[in-house]
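Novice: So I've got this file, my_file-v1.txt, and it contains compact mmCIF, C-alpha atoms:
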```txt
# COMPACT_ATOMS: atom_id res chain seq x y z
CA MET A 64 28.98 -10.67 19.43
CA LYS A 65 25.47 -10.71 18.02
CA LYS A 66 24.84 -13.15 15.23
CA ARG A 67 23.83 -12.08 11.75
CA PRO A 68 20.01 -12.29 11.83
CA LYS A 69 17.98 -14.12 9.23
CA ILE A 70 14.65 -12.48 8.46
CA LEU A 71 11.75 -14.06 6.60
CA ILE A 72 9.34 -11.50 5.09
CA LEU A 73 5.97 -12.95 4.06
CA THR A 74 3.88 -11.09 1.51
CA ALA A 75 1.38 -11.57 -1.32
CA ALA A 76 0.81 -10.09 -4.77
CA TYR A 77 -2.76 -8.83 -4.34
CA GLY A 78 -2.20 -5.35 -5.66
CA ASN A 79 1.34 -4.05 -5.76
CA GLY A 80 1.62 -2.46 -2.31
CA HIS A 81 2.34 -5.48 -0.12
CA MET A 82 5.24 -6.51 -2.34
CA GLN A 83 6.61 -2.97 -2.40
CA VAL A 84 6.61 -2.77 1.39
CA ALA A 85 8.41 -6.12 1.59
CA SER A 86 11.09 -4.94 -0.82
CA VAL A 87 11.61 -1.63 1.01
CA LEU A 88 11.91 -3.44 4.33
CA LYS A 89 14.39 -5.93 2.92
CA ASP A 90 16.68 -3.11 1.79
CA GLN A 91 16.34 -1.38 5.15
CA PHE A 92 17.13 -4.50 7.18
CA ILE A 93 20.23 -5.10 5.09
CA GLN A 94 21.37 -1.51 5.62
CA CYS A 95 20.71 -1.65 9.36
CA SER A 96 22.33 -4.94 10.26
CA GLN A 97 23.79 -6.77 7.29
CA ALA A 98 20.95 -9.23 7.78
CA ASP A 99 20.09 -12.18 5.57
CA VAL A 100 16.60 -11.44 4.25
CA ILE A 101 14.26 -13.76 2.37
CA ILE A 102 11.03 -12.55 0.77
CA SER A 103 8.33 -15.15 0.21
CA SER A 104 5.18 -14.48 -1.80
CA ILE A 105 3.69 -17.23 0.28
CA TYR A 106 0.48 -17.96 -1.65
CA ALA A 107 2.08 -17.82 -5.09
CA GLU A 108 4.70 -20.32 -3.90
CA SER A 109 2.10 -22.52 -2.21
CA TYR A 110 -0.43 -22.56 -5.04
CA PRO A 111 1.30 -21.66 -8.32
CA THR A 112 -1.74 -22.67 -10.38
CA LEU A 113 -4.53 -21.20 -8.26
CA THR A 114 -2.86 -17.95 -7.20
CA PRO A 115 -2.98 -16.26 -10.65
CA ILE A 116 -6.70 -17.06 -10.73
CA SER A 117 -7.27 -15.52 -7.31
CA GLU A 118 -5.21 -12.46 -8.27
CA ASN A 119 -7.39 -12.06 -11.36
CA VAL A 120 -10.47 -12.27 -9.14
CA TYR A 121 -8.97 -9.47 -7.02
CA LEU A 122 -8.58 -7.30 -10.14
CA LYS A 123 -12.21 -8.02 -11.04
CA SER A 124 -13.19 -6.25 -7.83
CA TYR A 125 -12.82 -3.03 -9.82
CA THR A 126 -15.65 -4.01 -12.18
CA PRO A 127 -19.38 -3.41 -11.53
CA VAL A 128 -19.96 -7.16 -11.24
CA GLY A 129 -16.91 -7.78 -9.08
CA LYS A 130 -17.48 -5.05 -6.49
CA PRO A 131 -20.38 -6.72 -4.64
CA ILE A 132 -18.58 -10.08 -4.74
CA TYR A 133 -15.44 -8.57 -3.27
CA SER A 134 -17.50 -6.69 -0.66
CA PHE A 135 -19.20 -9.93 0.37
CA PHE A 136 -15.84 -11.68 0.68
CA TYR A 137 -14.14 -8.81 2.55
CA HIS A 138 -16.89 -8.33 5.12
CA GLY A 139 -17.80 -12.03 5.24
CA ILE A 140 -14.30 -13.01 6.34
CA SER A 141 -14.58 -10.62 9.26
CA LYS A 142 -17.86 -12.20 10.36
CA VAL A 143 -16.55 -15.80 10.31
CA TYR A 144 -13.05 -15.01 11.57
CA ASP A 145 -13.78 -16.31 15.08
CA LYS A 146 -15.66 -19.38 13.86
CA LYS A 147 -14.45 -22.84 12.83
CA ILE A 148 -14.56 -22.05 9.12
CA ALA A 149 -11.70 -19.62 9.70
CA LYS A 150 -9.43 -22.62 10.34
CA TRP A 151 -9.55 -23.31 6.61
CA PHE A 152 -8.06 -19.89 5.89
CA ALA A 153 -5.46 -20.40 8.63
CA ASN A 154 -4.15 -23.47 6.84
CA LEU A 155 -3.59 -21.68 3.53
CA GLY A 156 0.15 -21.67 2.89
CA ARG A 157 0.95 -23.60 6.08
CA LYS A 158 2.84 -26.36 4.30
CA ARG A 159 5.04 -23.87 2.47
CA LEU A 160 5.57 -21.86 5.65
CA THR A 161 6.59 -24.98 7.57
CA HIS A 162 9.09 -25.80 4.83
CA LEU A 163 10.55 -22.28 4.91
CA VAL A 164 10.89 -22.33 8.69
CA ASP A 165 12.50 -25.79 8.67
CA THR A 166 14.95 -25.09 5.86
CA GLU A 167 15.77 -21.40 6.39
CA GLN A 168 15.44 -21.33 10.20
CA PRO A 169 14.63 -17.62 10.36
CA ASP A 170 15.24 -15.64 13.53
CA ILE A 171 12.42 -13.20 12.71
CA ILE A 172 9.20 -13.34 10.67
CA VAL A 173 7.71 -10.13 9.26
CA ASN A 174 4.27 -10.01 7.59
CA THR A 175 3.32 -7.35 5.06
CA PHE A 176 0.14 -9.33 4.33
CA PRO A 177 -2.16 -11.06 6.85
CA VAL A 178 -0.80 -14.62 6.58
CA LEU A 179 -2.95 -16.62 9.01
CA ALA A 180 -0.67 -19.64 8.75
CA VAL A 181 1.95 -17.83 10.86
CA PRO A 182 0.02 -17.69 14.16
CA GLU A 183 -1.51 -21.09 13.37
CA LEU A 184 1.96 -22.64 13.06
CA ARG A 185 2.94 -21.28 16.46
CA ARG A 186 -0.25 -22.60 18.05
CA ARG A 187 0.18 -26.04 16.53
CA THR A 188 3.88 -26.56 17.17
CA GLY A 189 4.67 -24.36 20.16
CA SER A 190 7.74 -23.14 18.25
CA PHE A 191 8.79 -19.58 18.88
CA ILE A 192 9.99 -17.13 16.27
CA PRO A 193 9.49 -13.41 16.99
CA THR A 194 6.76 -12.31 14.59
CA PHE A 195 5.77 -8.82 13.44
CA SER A 196 3.05 -7.45 11.15
CA ILE A 197 3.05 -4.21 9.17
CA ILE A 198 -0.54 -3.19 8.41
CA THR A 199 -0.44 -1.49 5.03
CA ASP A 200 -3.73 0.42 5.09
CA TYR A 201 -5.42 3.22 7.04
CA CYS A 202 -8.33 1.04 8.12
CA LEU A 203 -8.29 -2.27 9.97
CA HIS A 204 -9.59 -5.67 8.96
CA LYS A 205 -9.97 -8.22 11.72
CA ILE A 206 -7.99 -10.79 9.73
CA TRP A 207 -4.73 -9.03 10.68
CA ILE A 208 -5.23 -9.55 14.40
CA SER A 209 -3.91 -12.49 16.41
CA PRO A 210 -2.50 -12.77 19.94
CA GLU A 211 0.33 -14.80 18.38
CA ILE A 212 1.72 -11.71 16.63
CA ASP A 213 4.29 -10.07 18.89
CA ARG A 214 4.11 -6.55 17.55
CA TYR A 215 2.11 -4.51 15.06
CA PHE A 216 3.27 -1.47 13.11
CA VAL A 217 0.50 0.85 11.95
CA ALA A 218 0.08 4.10 10.03
CA THR A 219 -1.79 6.31 12.49
CA GLU A 220 -2.91 6.72 16.08
CA SER A 221 -6.47 5.86 15.06
CA MET A 222 -5.19 2.57 13.62
CA LYS A 223 -3.44 1.84 16.91
CA GLU A 224 -6.71 2.44 18.76
CA ALA A 225 -8.51 0.06 16.38
CA VAL A 226 -5.92 -2.69 16.91
CA CYS A 227 -6.01 -2.26 20.69
CA HIS A 228 -9.83 -2.33 20.60
CA LEU A 229 -9.51 -5.93 19.36
CA GLY A 230 -7.54 -6.95 22.44
CA ILE A 231 -3.91 -6.21 21.58
CA SER A 232 -1.85 -4.50 24.28
CA PRO A 233 -0.92 -0.90 23.44
CA SER A 234 2.72 -1.72 24.19
CA ASN A 235 2.66 -4.15 21.26
CA VAL A 236 1.39 -1.62 18.72
CA LYS A 237 3.74 1.00 17.30
CA VAL A 238 2.67 3.98 15.20
CA SER A 239 5.45 3.91 12.62
CA GLY A 240 3.84 4.95 9.37
CA ILE A 241 3.88 2.74 6.28
CA PRO A 242 7.21 2.03 4.53
CA ILE A 243 7.57 3.53 1.07
CA ARG A 244 10.39 3.83 -1.45
CA PRO A 245 13.07 6.29 -0.22
CA SER A 246 12.82 8.40 -3.37
CA PHE A 247 9.45 9.77 -2.20
CA GLU A 248 11.06 11.27 0.90
CA GLN A 249 14.14 12.72 -0.76
CA PRO A 250 14.25 16.47 -1.49
CA VAL A 251 13.90 17.53 -5.10
CA ILE A 252 14.76 20.62 -7.08
CA SER A 253 11.61 21.36 -9.04
CA SER A 254 13.36 23.44 -11.69
CA GLU A 255 15.56 20.48 -12.58
CA LEU A 256 12.54 18.21 -12.97
CA PHE A 257 10.76 20.72 -15.21
CA GLN A 258 13.89 20.94 -17.34
CA LYS A 259 14.32 17.14 -17.41
CA TYR A 260 10.85 16.57 -18.84
CA GLY A 261 10.57 19.79 -20.84
CA LEU A 262 7.55 21.04 -18.90
CA ASN A 263 6.11 24.50 -18.37
CA PRO A 264 6.47 25.29 -14.64
CA HIS A 265 3.54 27.72 -14.83
CA LYS A 266 1.01 25.18 -16.12
CA LYS A 267 -0.96 23.05 -13.69
CA ARG A 268 -0.74 19.29 -14.09
CA ILE A 269 -3.12 16.50 -13.11
CA LEU A 270 -1.56 13.11 -12.54
CA LEU A 271 -3.85 10.17 -13.31
CA MET A 272 -2.67 6.88 -11.83
CA ALA A 273 -4.38 3.82 -13.23
CA GLY A 274 -2.76 1.59 -10.62
CA ALA A 275 0.02 -0.97 -11.07
CA PHE A 276 -2.24 -3.09 -13.26
CA GLY A 277 -4.08 -0.22 -14.98
CA VAL A 278 -7.45 -0.96 -13.43
CA LEU A 279 -8.84 2.57 -13.17
CA LYS A 280 -11.73 2.67 -15.63
CA ASN A 281 -13.06 5.26 -18.14
CA MET A 282 -9.63 6.82 -18.55
CA ASP A 283 -10.16 7.88 -22.17
CA LYS A 284 -13.40 9.66 -21.33
CA ILE A 285 -11.89 11.25 -18.22
CA CYS A 286 -8.89 12.55 -20.18
CA GLU A 287 -10.91 13.91 -23.08
CA THR A 288 -13.38 15.74 -20.86
CA LEU A 289 -10.75 17.23 -18.55
CA LEU A 290 -8.66 18.50 -21.45
CA THR A 291 -11.69 19.96 -23.20
CA GLU A 292 -13.04 21.75 -20.14
CA ASN A 293 -9.81 22.94 -18.48
CA ASP A 294 -6.54 24.63 -19.34
CA CYS A 295 -4.18 22.06 -17.87
CA GLN A 296 -1.86 19.19 -18.67
CA LEU A 297 -2.62 15.54 -17.95
CA VAL A 298 -0.01 12.95 -17.15
CA VAL A 299 -1.34 9.39 -17.23
CA ILE A 300 0.57 6.45 -15.74
CA CYS A 301 -0.96 3.26 -17.18
CA GLY A 302 1.07 0.73 -15.22
CA LYS A 303 1.18 -2.66 -16.91
CA ASN A 304 -1.96 -2.11 -18.96
CA ASP A 305 -0.56 -2.00 -22.49
CA LYS A 306 -3.99 -1.71 -24.11
CA LEU A 307 -4.86 1.35 -22.04
CA LYS A 308 -1.53 2.93 -22.95
CA ALA A 309 -2.13 2.33 -26.67
CA ASP A 310 -5.66 3.73 -26.50
CA LEU A 311 -4.55 6.89 -24.71
CA GLU A 312 -1.60 7.39 -27.05
CA SER A 313 -4.14 7.56 -29.88
CA LEU A 314 -6.09 10.16 -27.92
CA ALA A 315 -2.90 12.13 -27.22
CA VAL A 316 -2.58 12.88 -30.94
CA ARG A 317 -5.63 15.13 -30.57
CA PHE A 318 -4.07 16.94 -27.59
CA PRO A 319 -0.39 17.50 -28.43
CA GLY A 320 1.61 18.72 -25.47
CA GLN A 321 -1.39 18.43 -23.17
CA LEU A 322 -1.69 14.67 -22.71
CA LEU A 323 1.41 12.69 -21.70
CA VAL A 324 1.01 8.92 -21.53
CA PHE A 325 3.38 6.44 -19.86
CA GLY A 326 3.35 2.74 -19.03
CA TYR A 327 5.18 1.49 -15.95
CA VAL A 328 7.43 4.25 -14.59
CA ASP A 329 10.38 3.60 -12.27
CA ARG A 330 10.71 7.22 -11.08
CA VAL A 331 7.03 7.83 -10.55
CA ASP A 332 7.99 9.92 -7.51
CA GLU A 333 9.17 12.64 -9.88
CA TRP A 334 5.70 12.87 -11.44
CA PHE A 335 4.19 13.07 -7.96
CA HIS A 336 6.37 16.12 -7.31
CA LEU A 337 5.42 17.70 -10.65
CA ALA A 338 1.66 17.31 -10.25
CA SER A 339 -0.79 19.81 -8.79
CA PHE A 340 -3.04 16.96 -7.67
CA MET A 341 -3.66 13.31 -8.51
CA ILE A 342 -6.62 11.16 -9.51
CA THR A 343 -6.18 7.55 -8.42
CA LYS A 344 -7.49 4.53 -6.53
CA PRO A 345 -7.03 4.67 -2.72
CA GLY A 346 -4.45 1.98 -2.17
CA GLY A 347 -2.57 2.31 1.10
CA ILE A 348 0.87 2.65 -0.47
CA THR A 349 -0.17 5.13 -3.15
CA LEU A 350 -1.80 7.31 -0.49
CA THR A 351 1.29 7.12 1.72
CA GLU A 352 3.44 8.22 -1.21
CA ALA A 353 1.06 11.08 -1.93
CA ALA A 354 1.20 12.16 1.72
CA ALA A 355 5.00 12.08 1.64
CA VAL A 356 5.17 14.61 -1.22
CA ALA A 357 2.12 16.65 -0.10
CA LEU A 358 0.08 15.76 -3.18
CA PRO A 359 -3.71 16.21 -2.84
CA VAL A 360 -5.79 13.38 -4.29
CA ILE A 361 -9.15 12.76 -5.90
CA LEU A 362 -10.09 9.15 -5.13
CA TYR A 363 -12.26 7.58 -7.79
CA LYS A 364 -14.95 5.04 -6.86
CA PRO A 365 -13.22 3.22 -3.97
CA THR A 366 -13.96 -0.50 -3.90
CA PRO A 367 -15.69 -1.84 -0.76
CA GLY A 368 -13.25 -2.81 1.96
CA GLN A 369 -9.82 -1.36 2.60
CA GLU A 370 -9.99 1.09 -0.33
CA LYS A 371 -13.17 2.66 1.01
CA GLY A 372 -11.69 2.80 4.51
CA ASN A 373 -8.53 4.46 3.20
CA ALA A 374 -10.52 6.97 1.19
CA VAL A 375 -12.77 7.93 4.09
CA TYR A 376 -9.76 8.46 6.37
CA PHE A 377 -7.98 10.77 3.91
CA GLU A 378 -11.19 12.66 3.17
CA ARG A 379 -11.76 13.26 6.90
CA GLN A 380 -8.21 14.57 7.18
CA ASN A 381 -8.96 17.05 4.35
CA GLY A 382 -6.29 15.61 2.09
CA ALA A 383 -8.62 13.96 -0.43
CA LEU A 384 -11.91 14.24 -2.25
CA ILE A 385 -13.93 11.09 -3.00
CA ALA A 386 -15.40 11.00 -6.51
CA ARG A 387 -18.32 8.60 -6.74
CA GLY A 388 -18.80 9.15 -10.47
CA LEU A 389 -17.35 10.85 -13.51
CA ASN A 390 -19.23 14.09 -12.86
CA ASP A 391 -17.48 14.34 -9.49
CA ILE A 392 -14.12 13.88 -11.23
CA TYR A 393 -14.81 16.81 -13.56
CA ARG A 394 -16.33 19.03 -10.88
CA PHE A 395 -13.58 18.43 -8.32
CA SER A 396 -10.80 18.84 -10.89
CA SER A 397 -12.13 22.19 -12.13
CA TYR A 398 -12.60 23.34 -8.53
CA LEU A 399 -9.00 22.51 -7.58
CA LEU A 400 -7.53 23.97 -10.76
CA GLU A 401 -9.33 27.25 -10.08
CA ASN A 402 -8.66 27.52 -6.33
CA ASP A 403 -5.01 27.77 -5.35
CA GLN A 404 -5.75 28.29 -1.66
CA VAL A 405 -7.83 25.11 -1.48
CA LEU A 406 -4.97 23.19 -3.08
CA GLU A 407 -2.49 24.63 -0.59
CA ASN A 408 -4.72 23.70 2.34
CA MET A 409 -5.08 20.16 1.04
CA LYS A 410 -1.32 19.88 0.56
CA ARG A 411 -0.70 20.80 4.20
CA SER A 412 -3.43 18.44 5.40
CA ILE A 413 -2.31 15.38 3.47
CA HIS A 414 1.34 15.97 4.34
CA SER A 415 0.46 16.06 8.04
CA ILE A 416 -0.60 12.41 7.80
CA HIS A 417 2.86 11.24 6.78
CA ARG A 418 5.43 9.75 9.14
CA THR A 419 8.90 9.89 7.67
CA GLN A 420 11.38 7.01 7.47
CA ALA A 421 8.87 4.35 8.49
CA ALA A 422 11.04 1.52 7.17
CA LEU A 423 13.98 2.62 9.30
CA ALA A 424 11.80 3.00 12.41
CA ILE A 425 10.35 -0.49 11.92
CA ALA A 426 13.66 -2.19 11.18
CA GLU A 427 15.38 -0.61 14.18
CA ASP A 428 12.49 -1.41 16.50
CA ILE A 429 12.36 -5.07 15.42
CA LEU A 430 16.10 -5.60 15.64
CA GLU A 431 16.37 -3.84 19.01
CA ALA A 432 13.50 -5.84 20.46
CA VAL A 433 14.84 -9.17 19.26
CA HIS A 434 18.38 -8.40 20.35
CA ASN A 435 17.14 -7.51 23.84
CA GLN A 436 17.23 -10.90 25.52
CA GLN A 437 15.51 -9.51 28.63
CA HIS A 438 12.32 -8.67 26.75
CA PRO A 439 9.63 -11.20 27.79
CA LEU A 440 8.35 -11.54 24.22
CA TYR A 441 11.66 -12.96 23.10
CA ARG A 442 12.55 -15.30 25.92
CA ASN A 443 13.15 -18.15 23.45
CA ALA A 444 14.90 -16.15 20.75
CA SER A 445 18.26 -17.41 19.58
CA TYR A 446 20.21 -14.20 20.23
```
Would you mind writing the structure in this file as structure tokens?
Specialist:
Amino acid sequence: MKKRPKILILTAAYGNGHMQVASVLKDQFIQCSQADVIISSIYAESYPTLTPISENVYLKSYTPVGKPIYSFFYHGISKVYDKKIAKWFANLGRKRLTHLVDTEQPDIIVNTFPVLAVPELRRRTGSFIPTFSIITDYCLHKIWISPEIDRYFVATESMKEAVCHLGISPSNVKVSGIPIRPSFEQPVISSELFQKYGLNPHKKRILLMAGAFGVLKNMDKICETLLTENDCQLVVICGKNDKLKADLESLAVRFPGQLLVFGYVDRVDEWFHLASFMITKPGGITLTEAAAVALPVILYKPTPGQEKGNAVYFERQNGALIARGLNDIYRFSSYLLENDQVLENMKRSIHSIHRTQAALAIAEDILEAVHNQQHPLYRNASY
């Protein structure tokens, strides 16, 4: 009889996506195998004082001053990854990871963030725990890649090619898609949603997502201009940005019934289904959710790094338009509102990117591989 597996999922709170993927995977592992699952936000636990500062620096990457700094850091890490200075990054969180491994004795480690301490621990100690990484974007950063990772799960065939180009065997890279909350893949009855929220099914709606921390800028100006120039309804999700929510609620008084403003929304999937298209930042999880419900996107001023890579990929697949300024926002929005066929084409294109039930595919693949004692990767596993 196979033992009940213990799974350690390592993640980090830079943006909201990595944590979301960890949570979705935890639920899926429990459903698949009654596993014991532990989620560790490894850097927050390792450096409780410094981590909030570094997370704030990440949020500053959305400002004019922060963008070039973030770009330098993102691309600079790639350049030094093979050099000695990279050892410093590899030791971040190692003490906490060692403690977790010693006390919890996990059978499996899963990364939803590139935690360099994981391969470093294996190199230093020679200990063997089957280790997997889920890459949560549509472009690849070199920091994810290590020969000590047993298997990678990626969003697309082009991502698999990029991982293999860096020396990973194709047999150790699976095109699974990116795990998202199940509600985005469940069928909906549109008429019930229109009735639930008291909406006119014949009016087009633009969904504006400020991100989990409300970092999309110029929202008041964007809303005012779009409502003045177009016959449409705007739904704005402000996330955890209370000031933005208050400011837009004041603006909504001028546009009764046209501007709907919300803070953090649990059933945001329902607003995805109700929208004609969305204006947002190109985070990997948000784009995967949009692809799942066939929601075209306008991507506003992607930051250098993974956001830009995500945006370029979705633009090339004809599921997105990249707005490099406010004038692009207004021009693209008017164009989509006036051209139903263009919207339909974009819906089909973005939906074609999506791979359904990614969490289930990943969980089953990991558990099957680890349970298979004949697999050479898992010769020292405890099953």
Novice: Pick out the closest residue to A:Tyr201 from this set: A:Asp170, A:Glu431, A:Glu220, A:Glu352. Count all atoms listed in the file.
Specialist: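 Among A:Asp170, A:Glu431, A:Glu220, A:Glu352, it is A:Glu220 that comes nearest to A:Tyr201.
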Novice: Excluding stretch 373-384 of chain A and its own-chain neighbours fewer than 2 positions away, which residues fall within 8 Å of it when counting all atoms listed in the file? Please give them as a PyMOL selection string.
Specialist: chain A and resi 200-202+345-347+359-362+365+369-371+386+395+409-414+416
Novice: Which residues are close to A:Leu160, i.e. within 8 Å by all atoms listed in the file, leaving aside same-chain residues fewer than 4 positions away? Reply as a list of chain:residue names.
Specialist: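 Contacts, with the query itself left out: A:Ile105, A:Gly156, A:Val164, A:Ala180, A:Val181.
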Novice: Those selected residues, please, written with C-alpha atoms and delivered as a JSON list (two decimals), in the coordinates of the input.
Specialist:
```json
[["chain", "number", "residue", "atom", "x", "y", "z"],
["A", 105, "ILE", "CA", 3.69, -17.23, 0.28],
["A", 156, "GLY", "CA", 0.15, -21.67, 2.89],
["A", 164, "VAL", "CA", 10.89, -22.33, 8.69],
["A", 180, "ALA", "CA", -0.67, -19.64, 8.75],
["A", 181, "VAL", "CA", 1.95, -17.83, 10.86]]
```
Novice: So that I can see what lies close to A:Ser339, please list as a ChimeraX atom specification the residues with an atom at most 9 Å from it, counting only C-alpha atoms and leaving out residues fewer than 5 positions away in the same chain.
Specialist: /A:267-270,358-359,399-400,406
Novice: Neighbouring residues of A:Gly189 were defined as those with any atom within 12 Å, considering all atoms listed in the file; residues of the same chain fewer than 5 positions away were excluded. Please report them as a CSV table (one decimal) with C-alpha atoms, keeping the file's coordinate frame.
Specialist:
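Ended up saving to around-v7.csv:
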```csv
chain,number,residue,atom,x,y,z
A,181,VAL,CA,2.0,-17.8,10.9
A,182,PRO,CA,0.0,-17.7,14.2
A,183,GLU,CA,-1.5,-21.1,13.4
A,184,LEU,CA,2.0,-22.6,13.1
A,211,GLU,CA,0.3,-14.8,18.4
A,443,ASN,CA,13.2,-18.2,23.4
```
Novice: So which one's closest to A:Ile429, A:Arg387, A:Arg214, A:His204, A:Lys69? Using only C-alpha atoms, please.
Specialist: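 For A:Ile429, the nearest of the given residues is A:Arg214.
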